[in-house]
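The block underneath contains the structure these notes are about, expressed in structure tokens.
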Amino acid sequence: MKPVNPSKVICIGRNYAAHITELGNQVADEMVVFLKPPSAITNTLMCTHKDEQLHFETEICFQVNNGCLAAVAVGLDLTKRDLQSKLKASGLPWERAKAFDGSALFSEFVQIDEQAIEHLSLTLLIDNKVRQQGGVELMLYKPAVISAQVSEFMTLIDGDIIMTGTPAGVGAVNAGSTFIAQLHLGSDLLVQQEWLAE
């Protein structure tokens with residue numbers, strides 16, 4: 001798997017209605033955006049970080065080239081859920097719960113035609129049981145809209161990654177569990193990535 005080294009990872013929160021409901025959140029008036037630094041990227045799926053339990057969120061992820069969504073992968077956004085809940089309750093930013101080292105994992109990025117993006121979907125299996133499924137058709141903000149809105153206030157540099165949010169079914173990462181994340185284009189398997197939780 002080729003290493004990725006973006007200048008930043010742009011993350012979209014609350015982009016699937018069912019996930020908003022499962023966490024008891026409100027639908028935001030505007031697209032929710034936060035960042036992860038390059039140091040967040042790893043190939044190691046941790047179940048804890050500094051003794052705090054981590055939760056998984058599986059996402060369709062894009063890599064930018066020449067201002068376009070040129071490549072796609074499936075990724076995991078790891079979250080300190082208890083800490084995030086405390087931060088949200090206090091009206092504080094989420095980065096302590098979302099942007100820590102080792103909080104972003106990606107499969108290989110493969111080239112994608114922008115016309116095909118609307119047919120992308122993901123599946124996450126944990127120990128061979130389906131835990132998450134969803135695709136672009138369920139997103140509140142489609143990838144092209146995400147790219148356009150982010151570009152209004154932030155320069156997208158070649159290699160930057162956009163994580164587009166997660167469907168329902170998130171939960172705790174348990175040590176020893178096998179995660180298989182799949183990215184589909186229509187009925188075809190585009191890319192698959194396996195991680196063993198440590």
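Naming scheme: A, B, ... for chains in displayed order of the structure tokens; residues 1 onward per chain; ligands 1 onward as shown.
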
Review point. Where does DSSP see alpha helix (DSSP H) in region 14-150 of chain A, if you list the residues as an NGL selection string?
Key: :A and (17-22 or 81-89 or 95-98 or 143-150)

Which residues are close to Gln192 (chain A), i.e. within 12 Å by only C-alpha atoms, leaving aside same-chain residues fewer than 4 positions away? Reply as a compact mmCIF listing (two decimals) with all heavy atoms, in the first residue's frame.
# COMPACT_ATOMS: atom_id res chain seq x y z
N MET A 1 0.85 -1.19 0.00
CA MET A 1 0.00 0.00 0.00
C MET A 1 0.89 1.24 0.00
O MET A 1 1.78 1.39 0.83
CB MET A 1 -0.91 0.00 1.23
CG MET A 1 -1.94 1.09 1.23
SD MET A 1 -3.22 0.86 2.50
CE MET A 1 -2.23 0.89 3.99
N ILE A 60 -16.02 6.86 2.94
CA ILE A 60 -15.52 7.01 1.58
C ILE A 60 -14.61 8.23 1.57
O ILE A 60 -15.01 9.31 2.02
CB ILE A 60 -16.68 7.18 0.58
CG1 ILE A 60 -17.58 5.92 0.59
CG2 ILE A 60 -16.14 7.44 -0.83
CD1 ILE A 60 -18.85 6.07 -0.24
N VAL A 72 -9.95 7.59 -4.98
CA VAL A 72 -10.87 7.25 -3.90
C VAL A 72 -10.33 6.06 -3.12
O VAL A 72 -9.63 5.20 -3.66
CB VAL A 72 -12.29 6.96 -4.46
CG1 VAL A 72 -12.28 5.71 -5.33
CG2 VAL A 72 -13.32 6.87 -3.35
N ALA A 73 -10.67 6.00 -1.84
CA ALA A 73 -10.29 4.90 -0.95
C ALA A 73 -11.39 4.71 0.06
O ALA A 73 -12.32 5.52 0.17
CB ALA A 73 -8.96 5.21 -0.25
N VAL A 74 -11.28 3.65 0.84
CA VAL A 74 -12.13 3.48 2.01
C VAL A 74 -11.24 3.68 3.23
O VAL A 74 -10.07 3.28 3.23
CB VAL A 74 -12.82 2.09 2.01
CG1 VAL A 74 -11.81 0.95 2.07
CG2 VAL A 74 -13.81 1.99 3.15
N GLY A 75 -11.76 4.36 4.24
CA GLY A 75 -10.93 4.68 5.39
C GLY A 75 -11.68 4.55 6.70
O GLY A 75 -12.91 4.39 6.72
N PHE A 106 -6.33 4.35 5.91
CA PHE A 106 -6.84 4.34 4.53
C PHE A 106 -6.40 3.09 3.80
O PHE A 106 -5.31 2.56 4.01
CB PHE A 106 -6.32 5.56 3.75
CG PHE A 106 -6.68 6.87 4.38
CD1 PHE A 106 -5.73 7.59 5.10
CD2 PHE A 106 -7.95 7.38 4.27
CE1 PHE A 106 -6.06 8.79 5.70
CE2 PHE A 106 -8.30 8.59 4.86
CZ PHE A 106 -7.35 9.30 5.57
N SER A 107 -7.27 2.63 2.89
CA SER A 107 -6.88 1.62 1.92
C SER A 107 -6.02 2.29 0.86
O SER A 107 -5.72 3.49 0.93
CB SER A 107 -8.13 1.02 1.28
OG SER A 107 -8.75 1.97 0.40
N GLU A 108 -5.67 1.53 -0.14
CA GLU A 108 -5.04 2.10 -1.33
C GLU A 108 -6.02 3.06 -2.00
O GLU A 108 -7.22 2.82 -2.03
CB GLU A 108 -4.67 0.99 -2.30
CG GLU A 108 -4.08 1.46 -3.61
CD GLU A 108 -3.87 0.32 -4.60
OE1 GLU A 108 -4.23 -0.83 -4.28
OE2 GLU A 108 -3.34 0.59 -5.70
N PHE A 109 -5.50 4.17 -2.52
CA PHE A 109 -6.31 5.08 -3.32
C PHE A 109 -6.25 4.65 -4.78
O PHE A 109 -5.18 4.36 -5.31
CB PHE A 109 -5.81 6.52 -3.19
CG PHE A 109 -6.27 7.21 -1.93
CD1 PHE A 109 -5.58 7.04 -0.74
CD2 PHE A 109 -7.41 8.01 -1.94
CE1 PHE A 109 -6.01 7.67 0.42
CE2 PHE A 109 -7.85 8.63 -0.78
CZ PHE A 109 -7.14 8.46 0.40
N VAL A 110 -7.42 4.60 -5.43
CA VAL A 110 -7.49 4.24 -6.84
C VAL A 110 -8.14 5.38 -7.61
O VAL A 110 -9.00 6.09 -7.08
CB VAL A 110 -8.26 2.93 -7.05
CG1 VAL A 110 -7.54 1.76 -6.41
CG2 VAL A 110 -9.68 3.03 -6.51
N LEU A 122 -19.84 1.81 0.54
CA LEU A 122 -18.90 1.09 1.40
C LEU A 122 -19.61 0.02 2.21
O LEU A 122 -20.81 0.09 2.45
CB LEU A 122 -18.16 2.06 2.33
CG LEU A 122 -18.97 2.83 3.38
CD1 LEU A 122 -19.24 2.00 4.64
CD2 LEU A 122 -18.24 4.11 3.80
N THR A 123 -18.81 -0.96 2.63
CA THR A 123 -19.26 -1.99 3.56
C THR A 123 -18.13 -2.25 4.54
O THR A 123 -16.96 -2.34 4.14
CB THR A 123 -19.60 -3.31 2.84
OG1 THR A 123 -20.64 -3.09 1.89
CG2 THR A 123 -20.04 -4.38 3.83
N LEU A 124 -18.45 -2.34 5.82
CA LEU A 124 -17.47 -2.74 6.83
C LEU A 124 -17.93 -4.04 7.47
O LEU A 124 -19.06 -4.14 7.96
CB LEU A 124 -17.31 -1.68 7.92
CG LEU A 124 -16.38 -2.10 9.07
CD1 LEU A 124 -14.93 -2.18 8.60
CD2 LEU A 124 -16.50 -1.16 10.26
N LEU A 125 -17.03 -5.03 7.46
CA LEU A 125 -17.27 -6.28 8.16
C LEU A 125 -16.29 -6.37 9.34
O LEU A 125 -15.10 -6.09 9.17
CB LEU A 125 -17.06 -7.49 7.25
CG LEU A 125 -17.98 -7.58 6.02
CD1 LEU A 125 -17.25 -7.05 4.79
CD2 LEU A 125 -18.42 -9.00 5.79
N PHE A 179 -11.07 -6.30 10.89
CA PHE A 179 -11.87 -5.32 10.15
C PHE A 179 -11.59 -5.50 8.66
O PHE A 179 -10.43 -5.47 8.24
CB PHE A 179 -11.49 -3.90 10.56
CG PHE A 179 -12.06 -3.44 11.87
CD1 PHE A 179 -11.73 -4.09 13.05
CD2 PHE A 179 -12.89 -2.33 11.94
CE1 PHE A 179 -12.24 -3.66 14.28
CE2 PHE A 179 -13.41 -1.89 13.15
CZ PHE A 179 -13.09 -2.57 14.31
N ILE A 180 -12.63 -5.66 7.87
CA ILE A 180 -12.50 -5.69 6.41
C ILE A 180 -13.38 -4.58 5.86
O ILE A 180 -14.61 -4.63 5.99
CB ILE A 180 -12.91 -7.05 5.83
CG1 ILE A 180 -11.99 -8.16 6.35
CG2 ILE A 180 -12.85 -7.00 4.30
CD1 ILE A 180 -12.38 -9.56 5.89
N ALA A 181 -12.76 -3.58 5.29
CA ALA A 181 -13.47 -2.45 4.70
C ALA A 181 -13.46 -2.59 3.19
O ALA A 181 -12.40 -2.81 2.59
CB ALA A 181 -12.84 -1.13 5.13
N GLN A 182 -14.63 -2.46 2.60
CA GLN A 182 -14.78 -2.61 1.15
C GLN A 182 -15.36 -1.34 0.54
O GLN A 182 -16.25 -0.72 1.13
CB GLN A 182 -15.69 -3.78 0.83
CG GLN A 182 -15.19 -5.12 1.33
CD GLN A 182 -16.19 -6.23 1.12
OE1 GLN A 182 -17.40 -6.00 1.05
NE2 GLN A 182 -15.70 -7.47 1.01
N LEU A 183 -14.85 -1.00 -0.63
CA LEU A 183 -15.40 0.11 -1.40
C LEU A 183 -15.92 -0.45 -2.72
O LEU A 183 -15.19 -1.15 -3.42
CB LEU A 183 -14.32 1.17 -1.66
CG LEU A 183 -14.75 2.41 -2.41
CD1 LEU A 183 -15.76 3.22 -1.58
CD2 LEU A 183 -13.55 3.28 -2.75
N HIS A 184 -17.18 -0.16 -3.00
CA HIS A 184 -17.83 -0.69 -4.19
C HIS A 184 -18.14 0.44 -5.17
O HIS A 184 -18.49 1.56 -4.77
CB HIS A 184 -19.14 -1.39 -3.83
CG HIS A 184 -18.96 -2.54 -2.88
ND1 HIS A 184 -18.70 -3.82 -3.30
CD2 HIS A 184 -18.99 -2.59 -1.52
CE1 HIS A 184 -18.59 -4.62 -2.25
NE2 HIS A 184 -18.76 -3.88 -1.16
N LEU A 185 -18.02 0.12 -6.45
CA LEU A 185 -18.49 1.00 -7.52
C LEU A 185 -19.63 0.26 -8.20
O LEU A 185 -19.40 -0.71 -8.93
CB LEU A 185 -17.37 1.31 -8.51
CG LEU A 185 -17.75 2.22 -9.69
CD1 LEU A 185 -18.26 3.57 -9.20
CD2 LEU A 185 -16.57 2.40 -10.63
N ASP A 188 -19.54 -3.69 -8.33
CA ASP A 188 -18.16 -4.15 -8.42
C ASP A 188 -17.36 -3.74 -7.18
O ASP A 188 -17.49 -2.62 -6.69
CB ASP A 188 -17.48 -3.58 -9.67
CG ASP A 188 -18.11 -4.06 -10.95
OD1 ASP A 188 -18.62 -5.21 -10.97
OD2 ASP A 188 -18.11 -3.30 -11.94

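Residues within 10 Å of Gly186 (chain A), counting only C-alpha atoms and excluding same-chain residues fewer than 3 positions away, are Ala116, Ile117, Glu118, His119, Leu120, Ser121, Gly135, Leu183, Leu189 and Leu190 of chain A.
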
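Near Ala175 (chain A), within a cut-off of 6 Å and counting only C-alpha atoms, sit the residues Cys47, Ala197 and Glu198 of chain A, with same-chain residues fewer than 6 positions away left out.
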
Requested write-out: N, CA and C atoms of the selected residues, as a CSV table (one decimal), in the first residue's frame:
chain,number,residue,atom,x,y,z
A,47,CYS,N,-7.1,0.0,19.4
A,47,CYS,CA,-8.4,-0.1,20.1
A,47,CYS,C,-8.4,1.0,21.2
A,197,ALA,N,-7.3,-5.3,14.7
A,197,ALA,CA,-7.2,-4.3,15.8
A,197,ALA,C,-6.3,-4.7,16.9
A,198,GLU,N,-5.5,-3.8,17.3
A,198,GLU,CA,-4.4,-4.0,18.4
A,198,GLU,C,-4.8,-3.3,19.7

Show me a table, sorted first by chain and then by increasing residue number, of the residues of region 6-80 of chain A having an atom at most 7 Å from region 145-166 of chain A, each with its shortest atom pair and the distance in Å to one decimal, counting only C-alpha atoms and written as a Markdown table.
| residue | atom | partner | partner_atom | distance |
| --- | --- | --- | --- | --- |
| A:Pro6 | CA | A:Asp160 | CA | 4.5 |
| A:Ser7 | CA | A:Asp160 | CA | 5.8 |
| A:Lys8 | CA | A:Asp160 | CA | 5.6 |
| A:Val9 | CA | A:Ile161 | CA | 4.8 |
| A:Ile10 | CA | A:Ile162 | CA | 4.7 |
| A:Cys11 | CA | A:Met163 | CA | 4.7 |
| A:Ile12 | CA | A:Thr164 | CA | 5.1 |
| A:Gly13 | CA | A:Gly165 | CA | 5.4 |
| A:Arg14 | CA | A:Gly165 | CA | 6.5 |
| A:Asn15 | CA | A:Gly165 | CA | 5.3 |
| A:Tyr16 | CA | A:Thr166 | CA | 6.4 |
| A:His19 | CA | A:Thr166 | CA | 6.9 |
| A:Glu57 | CA | A:Thr166 | CA | 5.6 |
| A:Thr58 | CA | A:Thr166 | CA | 5.5 |
| A:Glu59 | CA | A:Thr166 | CA | 5.1 |
| A:Ile60 | CA | A:Thr164 | CA | 5.8 |
| A:Cys61 | CA | A:Met163 | CA | 4.5 |
| A:Phe62 | CA | A:Ile162 | CA | 5.1 |
| A:Gln63 | CA | A:Ile161 | CA | 4.5 |
| A:Val64 | CA | A:Asp158 | CA | 5.3 |
| A:Asn65 | CA | A:Asp158 | CA | 4.6 |
| A:Asn66 | CA | A:Asp158 | CA | 6.2 |
| A:Gly67 | CA | A:Leu156 | CA | 6.6 |

Residue subset to file, keeping C-alpha atoms, as a compact mmCIF listing (two decimals), in the first residue's frame:
# COMPACT_ATOMS: atom_id res chain seq x y z
CA PRO A 6 -1.34 15.06 2.43
CA SER A 7 -0.94 18.57 3.77
CA LYS A 8 -4.21 17.96 5.64
CA VAL A 9 -7.15 15.60 6.00
CA ILE A 10 -10.52 17.37 5.74
CA CYS A 11 -13.32 15.54 7.56
CA ILE A 12 -17.06 15.99 7.16
CA GLY A 13 -19.24 15.27 10.15
CA ARG A 14 -22.96 14.47 10.35
CA ASN A 15 -23.28 13.63 6.67
CA TYR A 16 -25.57 10.58 7.01
CA HIS A 19 -25.69 8.26 11.91
CA GLU A 57 -16.29 5.21 11.64
CA THR A 58 -15.94 3.87 8.08
CA GLU A 59 -15.82 6.48 5.33
CA ILE A 60 -15.52 7.01 1.58
CA CYS A 61 -12.37 9.09 1.14
CA PHE A 62 -11.10 11.14 -1.78
CA GLN A 63 -7.69 12.42 -2.76
CA VAL A 64 -7.44 15.76 -4.53
CA ASN A 65 -5.43 16.44 -7.68
CA ASN A 66 -5.63 19.65 -9.73
CA GLY A 67 -8.67 20.70 -7.75

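For the choices A:Val4, A:Pro167, A:Ser177, A:Ile112, the atom-to-atom distance to Leu140 (chain A) is smallest for A:Pro167 when using only C-alpha atoms.
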
Review point. Could you pull out the strand (DSSP E or B) residues of region 117-162 of chain A from DSSP and send them as a PyMOL selection string?
Key: chain A and resi 120-126+129-135+139+161-162

Could you save the residues just selected, with C-alpha atoms, as a PDB file, in the first residue's frame?
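Written output follows (again.pdb):
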ATOM      1  CA  LEU A 120     -19.761   4.546  -4.726  1.00  0.00           C
ATOM      2  CA  SER A 121     -20.679   2.713  -1.531  1.00  0.00           C
ATOM      3  CA  LEU A 122     -18.897   1.092   1.396  1.00  0.00           C
ATOM      4  CA  THR A 123     -19.260  -1.992   3.559  1.00  0.00           C
ATOM      5  CA  LEU A 124     -17.467  -2.744   6.830  1.00  0.00           C
ATOM      6  CA  LEU A 125     -17.271  -6.283   8.163  1.00  0.00           C
ATOM      7  CA  ILE A 126     -15.960  -6.986  11.656  1.00  0.00           C
ATOM      8  CA  LYS A 129     -20.280  -9.665  10.252  1.00  0.00           C
ATOM      9  CA  VAL A 130     -21.551  -6.604   8.391  1.00  0.00           C
ATOM     10  CA  ARG A 131     -21.432  -3.574  10.693  1.00  0.00           C
ATOM     11  CA  GLN A 132     -21.717  -0.598   8.339  1.00  0.00           C
ATOM     12  CA  GLN A 133     -23.103  -0.050   4.855  1.00  0.00           C
ATOM     13  CA  GLY A 134     -23.864   3.122   2.962  1.00  0.00           C
ATOM     14  CA  GLY A 135     -23.008   5.155  -0.058  1.00  0.00           C
ATOM     15  CA  MET A 139     -25.045  11.560   1.950  1.00  0.00           C
ATOM     16  CA  ILE A 161      -7.681  13.860   1.549  1.00  0.00           C
ATOM     17  CA  ILE A 162     -11.389  14.445   2.120  1.00  0.00           C
TER      18      ILE A 162
END
